[in-house]
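Here's model-v2.tsv, which has TSV, C-alpha atoms and all ligand atoms:
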chain	number	residue	atom	x	y	z
A	710	MET	CA	-70.29	-50.98	25.14
A	711	THR	CA	-70.65	-54.13	23.06
A	712	GLU	CA	-68.50	-54.78	19.99
A	713	SER	CA	-71.43	-54.26	17.62
A	714	GLU	CA	-72.07	-50.80	19.05
A	715	MET	CA	-68.58	-49.57	18.25
A	716	PRO	CA	-68.92	-47.03	15.48
A	717	SER	CA	-65.63	-47.57	13.66
A	718	SER	CA	-64.91	-50.01	10.88
A	719	ASP	CA	-62.98	-53.25	11.27
A	720	PRO	CA	-60.39	-53.35	8.49
A	721	ALA	CA	-59.38	-56.61	6.88
A	722	GLY	CA	-56.46	-58.39	8.47
A	723	SER	CA	-57.24	-57.14	11.98
A	724	HIS	CA	-57.00	-59.43	14.98
A	725	HIS	CA	-59.77	-60.59	17.23
A	726	PRO	CA	-58.27	-60.84	20.68
A	727	ARG	CA	-60.46	-61.65	23.65
A	728	ALA	CA	-58.34	-61.36	26.78
A	729	VAL	CA	-55.82	-58.53	26.83
A	730	LEU	CA	-53.24	-57.90	29.53
A	731	GLY	CA	-52.73	-54.14	29.96
A	732	ILE	CA	-49.58	-52.64	31.48
A	733	GLU	CA	-49.17	-49.04	32.66
A	734	THR	CA	-45.88	-47.57	33.95
A	735	SER	CA	-45.80	-44.03	32.52
A	736	CYS	CA	-45.45	-42.20	35.84
A	737	ASP	CA	-45.58	-43.34	39.46
A	738	GLU	CA	-48.13	-46.13	39.28
A	739	THR	CA	-47.15	-49.69	38.35
A	740	ALA	CA	-50.37	-51.19	37.04
A	741	ALA	CA	-51.57	-54.34	35.27
A	742	ALA	CA	-55.06	-55.45	34.32
A	743	VAL	CA	-56.86	-58.19	32.42
A	744	VAL	CA	-59.79	-57.01	30.30
A	745	ILE	CA	-62.01	-59.31	28.25
A	746	GLY	CA	-63.58	-58.17	24.99
A	747	GLY	CA	-62.40	-54.59	25.47
A	748	SER	CA	-64.71	-53.78	28.35
A	749	GLU	CA	-65.06	-56.52	30.97
A	750	VAL	CA	-62.50	-55.84	33.69
A	751	ARG	CA	-61.40	-59.16	35.22
A	752	SER	CA	-58.63	-57.59	37.31
A	753	SER	CA	-57.04	-54.17	37.78
A	754	VAL	CA	-54.03	-53.97	40.06
A	755	VAL	CA	-52.46	-50.58	40.80
A	756	SER	CA	-49.35	-50.31	42.96
A	757	SER	CA	-48.84	-46.66	43.81
A	758	GLN	CA	-45.39	-45.29	44.55
A	759	VAL	CA	-46.80	-42.15	46.21
A	760	ASP	CA	-45.06	-42.89	49.53
A	761	LEU	CA	-41.67	-43.17	47.80
A	762	HIS	CA	-42.01	-39.75	46.14
A	763	ALA	CA	-43.97	-37.82	48.79
A	764	LYS	CA	-40.90	-36.72	50.76
A	765	TYR	CA	-39.47	-35.09	47.60
A	766	GLY	CA	-42.72	-33.19	46.88
A	767	GLY	CA	-43.12	-34.77	43.42
A	768	VAL	CA	-42.19	-37.74	41.26
A	769	VAL	CA	-38.43	-38.46	41.05
A	770	PRO	CA	-37.91	-40.15	37.65
A	771	GLU	CA	-34.99	-42.42	38.70
A	772	ILE	CA	-36.85	-43.64	41.78
A	773	ALA	CA	-39.97	-44.27	39.67
A	774	SER	CA	-38.06	-46.39	37.11
A	775	ARG	CA	-36.37	-48.48	39.79
A	776	ALA	CA	-39.65	-49.04	41.63
A	777	HIS	CA	-41.35	-50.14	38.40
A	778	VAL	CA	-38.60	-52.73	37.89
A	779	GLU	CA	-39.03	-54.02	41.45
A	780	LEU	CA	-42.85	-54.15	41.31
A	781	PHE	CA	-43.38	-55.29	37.72
A	782	THR	CA	-43.39	-59.09	38.09
A	783	GLN	CA	-45.46	-59.06	41.26
A	784	VAL	CA	-48.11	-56.70	39.82
A	785	ILE	CA	-48.43	-58.75	36.60
A	786	SER	CA	-48.73	-62.04	38.54
A	787	GLU	CA	-51.38	-60.53	40.79
A	788	ALA	CA	-53.42	-59.22	37.83
A	789	LEU	CA	-53.31	-62.67	36.19
A	790	GLU	CA	-54.16	-64.50	39.40
A	791	VAL	CA	-57.09	-62.22	40.28
A	792	ALA	CA	-58.39	-62.78	36.74
A	793	GLY	CA	-58.27	-66.52	37.41
A	794	LEU	CA	-55.39	-67.19	35.00
A	795	ASP	CA	-52.28	-69.28	35.52
A	796	PRO	CA	-49.38	-66.76	35.70
A	797	ARG	CA	-46.99	-69.27	34.04
A	798	SER	CA	-49.10	-69.89	30.93
A	799	PRO	CA	-52.11	-67.57	31.00
A	800	GLU	CA	-54.76	-67.65	28.31
A	801	ILE	CA	-54.01	-64.16	27.08
A	802	ASP	CA	-54.60	-63.07	23.47
A	803	GLY	CA	-52.58	-59.86	23.49
A	804	VAL	CA	-50.37	-57.63	25.63
A	805	ALA	CA	-50.90	-53.84	25.62
A	806	ALA	CA	-48.54	-51.33	27.23
A	807	THR	CA	-48.34	-47.55	27.45
A	808	TYR	CA	-45.54	-46.24	25.21
A	809	GLY	CA	-46.08	-42.50	25.90
A	810	PRO	CA	-46.43	-39.79	27.02
A	811	GLY	CA	-44.64	-40.06	30.35
A	812	LEU	CA	-41.24	-40.44	31.97
A	813	VAL	CA	-38.97	-42.21	29.51
A	814	GLY	CA	-37.29	-44.53	32.03
A	815	ALA	CA	-40.63	-45.46	33.58
A	816	LEU	CA	-42.23	-46.10	30.18
A	817	LEU	CA	-39.33	-48.32	29.13
A	818	VAL	CA	-39.86	-50.71	32.04
A	819	GLY	CA	-43.48	-51.46	31.10
A	820	LEU	CA	-42.83	-51.41	27.36
A	821	SER	CA	-39.86	-53.81	27.46
A	822	GLY	CA	-41.65	-56.08	29.92
A	823	ALA	CA	-44.77	-56.16	27.71
A	824	LYS	CA	-42.75	-57.04	24.61
A	825	ALA	CA	-40.94	-59.81	26.49
A	826	LEU	CA	-44.23	-61.28	27.74
A	827	ALA	CA	-45.80	-61.09	24.26
A	828	MET	CA	-42.81	-62.93	22.79
A	829	THR	CA	-42.79	-65.54	25.57
A	830	TRP	CA	-46.51	-66.25	25.21
A	831	ASP	CA	-46.40	-65.86	21.41
A	832	VAL	CA	-49.26	-63.32	21.32
A	833	PRO	CA	-49.49	-59.88	19.67
A	834	PHE	CA	-48.11	-56.78	21.37
A	835	VAL	CA	-49.70	-53.35	21.03
A	836	GLY	CA	-48.45	-49.94	22.21
A	837	VAL	CA	-51.04	-47.62	23.77
A	838	ASN	CA	-51.10	-43.83	24.00
A	839	HIS	CA	-51.66	-43.02	27.69
A	840	LEU	CA	-53.95	-40.09	26.88
A	841	GLU	CA	-56.08	-42.26	24.63
A	842	GLY	CA	-56.16	-44.82	27.44
A	843	HIS	CA	-57.83	-42.21	29.68
A	844	LEU	CA	-60.46	-41.65	26.97
A	845	PHE	CA	-61.30	-45.36	27.05
A	846	ALA	CA	-62.00	-45.37	30.80
A	847	PRO	CA	-65.72	-44.48	30.43
A	848	LEU	CA	-66.14	-47.30	27.90
A	849	LEU	CA	-65.26	-49.77	30.63
A	850	GLU	CA	-68.18	-48.74	32.80
A	851	GLU	CA	-70.95	-47.58	30.46
A	852	ASP	CA	-72.92	-49.97	28.26
A	853	GLU	CA	-74.00	-47.33	25.81
A	854	LEU	CA	-72.44	-43.97	25.10
A	855	ALA	CA	-74.14	-41.28	23.01
A	856	TRP	CA	-71.70	-40.05	20.32
A	857	PRO	CA	-70.29	-37.54	19.73
A	858	LEU	CA	-69.04	-36.85	23.22
A	859	VAL	CA	-67.20	-33.89	24.59
A	860	MET	CA	-64.40	-35.30	26.74
A	861	LEU	CA	-62.62	-33.15	29.30
A	862	LEU	CA	-59.28	-34.88	29.90
A	863	VAL	CA	-57.66	-33.38	32.98
A	864	SER	CA	-54.50	-35.00	34.33
A	865	GLY	CA	-51.17	-34.08	35.88
A	866	GLY	CA	-49.65	-33.29	32.49
A	867	HIS	CA	-52.60	-32.40	30.24
A	868	THR	CA	-55.82	-30.40	30.09
A	869	LEU	CA	-57.64	-31.13	26.85
A	870	LEU	CA	-61.14	-30.68	25.49
A	871	VAL	CA	-61.71	-33.33	22.84
A	872	GLU	CA	-64.62	-34.16	20.62
A	873	MET	CA	-64.79	-37.96	20.53
A	874	LYS	CA	-66.90	-39.28	17.68
A	875	GLY	CA	-66.13	-42.88	18.66
A	876	PRO	CA	-63.12	-44.93	19.73
A	877	GLY	CA	-60.08	-43.86	17.70
A	878	CYS	CA	-61.79	-40.74	16.32
A	879	TYR	CA	-60.80	-37.52	18.08
A	880	ARG	CA	-60.83	-33.79	17.35
A	881	LEU	CA	-58.94	-31.32	19.53
A	882	LEU	CA	-61.22	-28.50	20.70
A	883	GLY	CA	-58.99	-26.78	23.25
A	884	GLN	CA	-56.04	-27.27	25.56
A	885	THR	CA	-54.06	-25.51	28.24
A	886	LEU	CA	-51.59	-22.89	27.09
A	887	ASP	CA	-49.43	-23.31	30.20
A	888	ASP	CA	-49.97	-25.45	33.33
A	889	ALA	CA	-52.21	-28.52	33.30
A	890	ALA	CA	-55.07	-28.45	35.83
A	891	GLY	CA	-53.48	-31.28	37.88
A	892	GLU	CA	-50.12	-29.50	37.78
A	893	ALA	CA	-51.77	-26.36	39.20
A	894	TYR	CA	-53.33	-28.47	41.98
A	895	ASP	CA	-49.96	-30.06	42.78
A	896	LYS	CA	-48.05	-26.74	42.77
A	897	VAL	CA	-50.61	-24.88	44.88
A	898	ALA	CA	-50.84	-27.80	47.33
A	899	ARG	CA	-47.08	-27.76	47.74
A	900	TYR	CA	-47.17	-24.01	48.41
A	901	LEU	CA	-49.92	-24.48	50.98
A	902	GLY	CA	-47.87	-27.21	52.67
A	903	LEU	CA	-50.43	-29.89	51.83
A	904	GLY	CA	-47.91	-32.35	50.35
A	905	TYR	CA	-47.94	-34.56	47.27
A	906	PRO	CA	-50.06	-35.47	45.37
A	907	GLY	CA	-51.80	-32.13	45.68
A	908	GLY	CA	-55.16	-32.84	44.01
A	909	PRO	CA	-56.61	-35.22	46.60
A	910	ALA	CA	-55.17	-33.07	49.44
A	911	ILE	CA	-56.82	-29.86	48.20
A	912	ASP	CA	-60.04	-31.74	47.46
A	913	ARG	CA	-60.11	-32.95	51.10
A	914	VAL	CA	-59.19	-29.66	52.77
A	915	ALA	CA	-61.47	-27.55	50.55
A	916	VAL	CA	-64.55	-29.23	52.01
A	917	SER	CA	-64.21	-27.14	55.18
A	918	GLY	CA	-63.26	-23.87	53.43
A	919	ASN	CA	-65.22	-20.97	51.91
A	920	PRO	CA	-64.93	-21.06	48.09
A	921	LEU	CA	-65.79	-17.35	47.89
A	922	ALA	CA	-63.28	-16.19	50.54
A	923	PHE	CA	-60.79	-15.15	47.83
A	924	LYS	CA	-61.62	-14.10	44.31
A	925	PHE	CA	-58.95	-15.81	42.21
A	926	PRO	CA	-58.74	-15.18	38.45
A	927	GLN	CA	-60.68	-17.48	36.13
A	928	ALA	CA	-58.94	-17.13	32.75
A	929	LYS	CA	-61.70	-17.36	30.17
A	930	LEU	CA	-59.48	-16.34	27.20
A	931	GLY	CA	-62.33	-14.82	25.21
A	932	ASP	CA	-64.71	-17.17	23.43
A	933	GLY	CA	-62.11	-19.87	22.81
A	934	LEU	CA	-61.84	-23.32	24.33
A	935	ASP	CA	-58.22	-23.08	25.52
A	936	PHE	CA	-57.22	-22.87	29.18
A	937	SER	CA	-54.59	-21.09	31.25
A	938	PHE	CA	-53.88	-21.87	34.90
A	939	SER	CA	-50.51	-20.23	35.55
A	940	GLY	CA	-52.05	-16.82	36.45
A	941	LEU	CA	-54.33	-18.51	38.97
A	942	LYS	CA	-51.41	-20.35	40.55
A	943	THR	CA	-49.38	-17.11	40.80
A	944	SER	CA	-52.36	-15.31	42.31
A	945	VAL	CA	-52.70	-17.94	45.06
A	946	VAL	CA	-48.97	-17.69	45.83
A	947	ARG	CA	-49.18	-13.85	46.03
A	948	THR	CA	-52.23	-14.02	48.29
A	949	VAL	CA	-50.47	-16.45	50.65
A	950	ASP	CA	-47.44	-14.14	50.76
A	951	ARG	CA	-49.59	-11.08	51.49
A	952	HIS	CA	-51.92	-12.80	53.96
A	953	PRO	CA	-49.89	-15.39	55.86
A	954	GLU	CA	-52.74	-15.58	58.37
A	955	ALA	CA	-55.26	-16.71	55.71
A	956	SER	CA	-56.95	-20.03	56.35
A	957	THR	CA	-55.56	-22.92	54.26
A	958	GLU	CA	-59.08	-24.31	53.94
A	959	ASP	CA	-60.38	-21.03	52.45
A	960	LEU	CA	-57.40	-20.74	50.09
A	961	ALA	CA	-57.84	-24.35	48.91
A	962	ALA	CA	-61.60	-23.97	48.46
A	963	SER	CA	-61.26	-20.66	46.58
A	964	PHE	CA	-58.51	-22.05	44.32
A	965	GLN	CA	-60.57	-25.17	43.59
A	966	HIS	CA	-63.66	-23.07	42.88
A	967	ALA	CA	-61.71	-21.01	40.29
A	968	VAL	CA	-60.23	-24.10	38.54
A	969	VAL	CA	-63.51	-25.99	38.42
A	970	GLU	CA	-65.60	-23.04	37.22
A	971	VAL	CA	-63.26	-22.52	34.25
A	972	LEU	CA	-63.26	-26.24	33.40
A	973	VAL	CA	-67.04	-26.33	33.62
A	974	ALA	CA	-67.62	-23.13	31.61
A	975	LYS	CA	-65.41	-24.32	28.73
A	976	SER	CA	-66.91	-27.80	28.75
A	977	ARG	CA	-70.40	-26.32	28.50
A	978	ARG	CA	-69.27	-24.11	25.63
A	979	ALA	CA	-67.72	-27.12	23.87
A	980	VAL	CA	-70.94	-29.17	24.12
A	981	GLU	CA	-72.90	-26.28	22.61
A	982	ALA	CA	-70.29	-25.62	19.89
A	983	VAL	CA	-70.20	-29.20	18.56
A	984	GLY	CA	-73.76	-30.24	19.41
A	985	ALA	CA	-72.41	-33.10	21.53
A	986	ARG	CA	-74.81	-35.75	22.83
A	987	GLY	CA	-72.86	-36.45	26.01
A	988	LEU	CA	-70.30	-35.00	28.37
A	989	CYS	CA	-67.49	-37.04	29.79
A	990	LEU	CA	-64.66	-36.64	32.30
A	991	ALA	CA	-61.31	-38.42	32.19
A	992	GLY	CA	-57.87	-38.23	33.84
A	993	GLY	CA	-56.73	-37.95	37.44
A	994	VAL	CA	-58.38	-34.58	38.18
A	995	ALA	CA	-61.70	-36.18	37.15
A	996	ALA	CA	-61.58	-37.79	40.60
A	997	ASN	CA	-62.23	-34.32	42.08
A	998	SER	CA	-65.49	-34.17	44.01
A	999	LEU	CA	-66.45	-30.58	43.13
A	1000	LEU	CA	-65.69	-31.12	39.42
A	1001	ARG	CA	-67.81	-34.28	39.41
A	1002	ARG	CA	-70.71	-32.50	41.09
A	1003	ARG	CA	-70.58	-29.47	38.79
A	1004	PHE	CA	-70.28	-31.70	35.70
A	1005	THR	CA	-73.43	-33.55	36.66
A	1006	GLU	CA	-75.20	-30.22	37.15
A	1007	ILE	CA	-74.22	-28.67	33.81
A	1008	ALA	CA	-74.96	-31.87	31.91
A	1009	ALA	CA	-78.48	-31.79	33.39
A	1010	GLU	CA	-78.83	-28.13	32.39
A	1011	LEU	CA	-77.68	-28.97	28.86
A	1012	GLY	CA	-79.98	-31.99	28.70
A	1013	VAL	CA	-77.18	-34.48	27.91
A	1014	PRO	CA	-75.90	-37.45	29.96
A	1015	ALA	CA	-72.75	-36.99	32.07
A	1016	TYR	CA	-70.38	-39.96	32.02
A	1017	LEU	CA	-68.17	-39.97	35.09
A	1018	PRO	CA	-65.79	-42.92	35.34
A	1019	SER	CA	-65.30	-44.26	38.87
A	1020	ARG	CA	-62.41	-42.63	40.74
A	1021	ALA	CA	-60.27	-45.77	40.29
A	1022	MET	CA	-60.73	-45.56	36.50
A	1023	CYS	CA	-60.05	-41.77	36.41
A	1024	THR	CA	-56.57	-42.02	37.90
A	1025	ASP	CA	-53.83	-44.00	36.18
A	1026	ASN	CA	-54.64	-47.69	35.79
A	1027	ALA	CA	-53.99	-50.49	33.32
A	1028	ALA	CA	-57.60	-51.48	32.56
A	1029	MET	CA	-57.94	-48.37	30.39
A	1030	VAL	CA	-54.69	-49.37	28.62
A	1031	ALA	CA	-55.98	-52.90	28.00
A	1032	ALA	CA	-59.27	-51.50	26.63
A	1033	ALA	CA	-57.51	-49.13	24.21
A	1034	GLY	CA	-55.05	-51.90	23.29
A	1035	TRP	CA	-57.88	-54.34	22.58
A	1036	TRP	CA	-59.52	-51.82	20.27
A	1037	HIS	CA	-56.30	-51.07	18.37
A	1038	LEU	CA	-55.42	-54.74	18.03
A	1039	ARG	CA	-58.82	-55.31	16.47
A	1040	HIS	CA	-58.78	-52.29	14.19
A	1041	ASP	CA	-55.12	-51.69	13.33
A	1042	GLY	CA	-53.39	-54.93	14.30
A	1043	PRO	CA	-50.32	-55.31	16.51
A	1044	SER	CA	-47.49	-52.79	16.92
A	1045	PRO	CA	-43.97	-53.69	15.82
A	1046	LEU	CA	-41.71	-54.95	18.60
A	1047	SER	CA	-39.38	-52.09	17.61
A	1048	LEU	CA	-41.93	-49.52	18.92
A	1049	ALA	CA	-39.97	-46.97	20.99
A	1050	ALA	CA	-41.07	-45.12	24.11
A	1051	ASP	CA	-42.24	-41.60	23.25
A	1052	PRO	CA	-42.19	-39.27	26.28
A	1053	THR	CA	-43.93	-36.41	24.41
A	1054	LEU	CA	-46.55	-38.40	22.51
A	1055	PHE	CA	-49.79	-36.44	21.88
A	1056	LEU	CA	-53.28	-37.69	21.08
A	1057	PRO	CA	-53.81	-38.68	17.43
A	1058	PHE	CA	-56.41	-36.34	15.92
A	1059	SER	CA	-58.37	-37.31	12.86
A	1060	ASP	CA	-59.05	-33.74	11.66
B	1101	LIG	O1	-54.15	-39.08	35.22
B	1101	LIG	P1	-53.27	-39.05	36.41
B	1101	LIG	O2	-53.49	-40.12	37.47
B	1101	LIG	O3	-51.76	-39.09	36.00
B	1101	LIG	C1	-51.32	-38.39	34.85
B	1101	LIG	O4	-51.44	-38.99	33.76
B	1101	LIG	O5	-50.91	-37.22	35.03
B	1101	LIG	O6	-53.45	-37.60	37.07
B	1101	LIG	C2	-52.69	-37.20	38.17
B	1101	LIG	C3	-53.16	-35.82	38.59
B	1101	LIG	C4	-52.31	-35.22	39.70
B	1101	LIG	O7	-51.98	-33.88	39.34
B	1101	LIG	C5	-53.24	-35.25	40.91
B	1101	LIG	O8	-52.98	-34.19	41.84
B	1101	LIG	C6	-54.59	-35.09	40.24
B	1101	LIG	O9	-54.52	-35.88	39.09
B	1101	LIG	N1	-55.70	-35.56	41.09
B	1101	LIG	C7	-56.68	-34.75	41.57
B	1101	LIG	C8	-57.50	-35.54	42.40
B	1101	LIG	N2	-57.00	-36.83	42.39
B	1101	LIG	C9	-55.91	-36.81	41.57
B	1101	LIG	N3	-56.90	-33.44	41.36
B	1101	LIG	C10	-57.97	-32.88	41.99
B	1101	LIG	N4	-58.79	-33.57	42.82
B	1101	LIG	C11	-58.60	-34.89	43.06
B	1101	LIG	N5	-59.42	-35.56	43.87
B	1102	ZN	ZN	-52.81	-40.34	33.39
Represent the supplied structure as structure tokens.
Ligand code: KG4
Ligand code: ZN
Amino acid sequence: MTESEMPSSDPAGSHHPRAVLGIETSCDETAAAVVIGGSEVRSSVVSSQVDLHAKYGGVVPEIASRAHVELFTQVISEALEVAGLDPRSPEIDGVAATYGPGLVGALLVGLSGAKALAMTWDVPFVGVNHLEGHLFAPLLEEDELAWPLVMLLVSGGHTLLVEMKGPGCYRLLGQTLDDAAGEAYDKVARYLGLGYPGGPAIDRVAVSGNPLAFKFPQAKLGDGLDFSFSGLKTSVVRTVDRHPEASTEDLAASFQHAVVEVLVAKSRRAVEAVGARGLCLAGGVAANSLLRRRFTEIAAELGVPAYLPSRAMCTDNAAMVAAAGWWHLRHDGPSPLSLAADPTLFLPFSD
């Protein structure tokens, strides 16, 4: 998307940064990226800590914070070098970092590092909401988006249906009342002995299973746009306990079928309810192959384009943080250096 196509206003006193360094450390990925003009990705480096956490079956906050500290300098230098910039005095116009939601210790590493770099280079600093970062991912890969969009944001901690009228302009349509979709994937995978992270493992195994082998509950919650996945998770656990001989592939495929059908049904309903002109996926679970296929199918049925960010842009990365940071620097100006990490930050909704 070019600057002129952005639908929001540009208030007086805003900044006009070109190159923004994005930093993401909210969970178990240490990431840095250089993005030019809010959409041209010059570099995107993601150092995953998955191996460090896998033996514990989930992210261990203390280990994550320490690993971020150890990886930070190297990841930043690599992002600058790949972008063709001198790591000692790069031509950077702003530094953006995730300040929430996420693990507080992990967030603090990226946030403090970003502030220090902004001060050293004498450029503005801006804090970015991680969830909003995910919503910017499609803007990095699509030249033109048809607004308003219905965005399904499905990650390890959130499941949200959002009407996006443009960058910075969001309306909450629905959300999960209990587990997030990614959380359900991770918990079920652990129960099936598939390890951590569970989403990619179930996605892989499900390919050779029968999605109709088990009829797991698909909580539709009436006509609303909210979700619930805890009953589904419990049902899988009960089925495994009752049928220890059941094939893991069939269980994974049937679980995935139930999750995806609910996500797809609610997304379709949301597009119809708001008269959206496009349908978009964001967040780690958006990397799921069945969800991507079904999204493309329902978008075609509804006659609207489906925007599916590449898998690398769906899962946590810093390019999306740089893009959101660029936009906020332009439209709202820098954040104060006193900005604190906010582990429970939610998306800002305009109405
Ligand atoms: O957005 P993300 O990278 O981190 C958070 O902000 O939470 O999302 C991580 C979540 C995890 O629950 C992971 O299991 C899930 O995304 N995930 C997937 C797939 N790849 C990652 N879930 C289903 N299928 C996948 N292919
Ligand atoms: Zn995320």
Counting all atoms listed in the file, what is within 7 Å of region 1008-1020 of chain A, bar same-chain residues fewer than 6 positions away, as a list in words?
->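 The neighbour list is Ala846, Pro847, Glu850, Arg986, Gly987, Leu988, Cys989, Leu990 and Ala996 of chain A.
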Cut-off 6 Å, all atoms listed in the file, neighbours of ligand ZN 1102 (chain B) as a list in words = Ser864, Gly992 and Asp1025 of chain A
Could you write out the selected residues, including C-alpha atoms, as a PDB file, in the frame of the given file?
ATOM      1  CA  SER A 864     -54.500 -35.000  34.330  1.00  0.00           C
ATOM      2  CA  GLY A 992     -57.870 -38.230  33.840  1.00  0.00           C
ATOM      3  CA  ASP A1025     -53.830 -44.000  36.180  1.00  0.00           C
TER       4      ASP A1025
END
Calculate how many Å separate atom O7 of ligand LIG 1101 (chain B) from CA of Leu761 (chain A), rounding to one decimal.
->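 Rounded to one decimal, the two atoms are 16.3 Å apart.
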Quick one: everything within 7 Å of region 776-793 of chain A, counting only C-alpha atoms, minus sequence neighbours fewer than 3 positions away in the same chain. Send it as a PyMOL selection string.
-> chain A and resi 734+739-743+751-754+772-773+796+815+818
All residues within 10 Å of ligand LIG 1101 (chain B) are required, counting all atoms listed in the file; please report them as an MDAnalysis selection string.
-> chainID A and resid 735:738 767 810:811 839:840 842:843 862:868 889:896 898 905:913 965 968:969 991:1001 1020:1026
If we count all atoms listed in the file, what is near Phe925 (chain A) at a cut-off of 7 Å, once residues fewer than 3 positions away on the same chain are taken out, given as a PyMOL selection string?
-> chain A and resi 941+944+963-964+967
Okay, now the selection with C-alpha atoms, as a CSV table (one decimal), in the frame of the given file?
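Final output, out12.csv:
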chain,number,residue,atom,x,y,z
A,941,LEU,CA,-54.3,-18.5,39.0
A,944,SER,CA,-52.4,-15.3,42.3
A,963,SER,CA,-61.3,-20.7,46.6
A,964,PHE,CA,-58.5,-22.0,44.3
A,967,ALA,CA,-61.7,-21.0,40.3
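Between CA of Ile732 (chain A) and CA of Val804 (chain A) there is a distance of 7.7 Å.
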If we count all atoms listed in the file, what is near Ala1050 (chain A) at a cut-off of 7 Å, once residues fewer than 2 positions away on the same chain are taken out, given as a ChimeraX atom specification?
-> /A:808-809,813,816-817,1048,1052
Please dump the current selection as a compact mmCIF listing (two decimals), in the coordinates of the input; keep C-alpha atoms.
# COMPACT_ATOMS: atom_id res chain seq x y z
CA TYR A 808 -45.54 -46.24 25.21
CA GLY A 809 -46.08 -42.50 25.90
CA VAL A 813 -38.97 -42.21 29.51
CA LEU A 816 -42.23 -46.10 30.18
CA LEU A 817 -39.33 -48.32 29.13
CA LEU A 1048 -41.93 -49.52 18.92
CA PRO A 1052 -42.19 -39.27 26.28
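Excluding region 870-878 of chain A and any residue on its chain fewer than 4 positions from it, the residues at most 8 Å away by only C-alpha atoms are Met715, Pro716, Ser717, Phe845, Trp856, Pro857, Leu858, Val859, Met860, Leu861, Leu862, Leu882, Gly883, Gln884, Leu934, Ser976, Ala979, Val983, Ala985, Trp1036, Phe1058 and Ser1059 of chain A.
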Taking all atoms listed in the file into account, which of A:Val768, A:Ala805, A:Ala1028, A:Ala955 comes nearest Ala922 (chain A)?
->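 Using all atoms listed in the file, Ala922 (chain A) sits closest to A:Ala955.
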Smallest atom-to-atom distance to Asp802 (chain A): which of A:Ile745, A:Ala728, A:Leu886, A:Leu901, using all atoms listed in the file?
->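 Smallest separation from Asp802 (chain A) among the options: A:Ala728.
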Pick out the closest residue to Ala827 (chain A) from this set: A:Lys942, A:Asp852, A:Leu881, A:Pro1043. Count only C-alpha atoms.
-> A:Pro1043
Can you work out the spacing between CA of Gly731 (chain A) and CA of Ala806 (chain A) in Å, to one decimal?
->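 CA of Ala806 (chain A) lies at a distance of 5.7 Å from CA of Gly731 (chain A).
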Pick out the closest residue to Met1029 (chain A) from this set: A:Val750, A:Gly904, A:Val980, A:Gly931. Count only C-alpha atoms.
-> A:Val750
Which one of A:Ala974, A:Ala928, A:Asn919, A:Val835 sits closest to Asp1041 (chain A) if you count only C-alpha atoms?
-> A:Val835
Neighbourhood query: residues within 9 Å of (-55.7, -58.9, 19.9), file coordinates, counting only C-alpha atoms; return as a PyMOL selection string.
-> chain A and resi 723-729+802-804+832-835+1034-1039+1042-1043
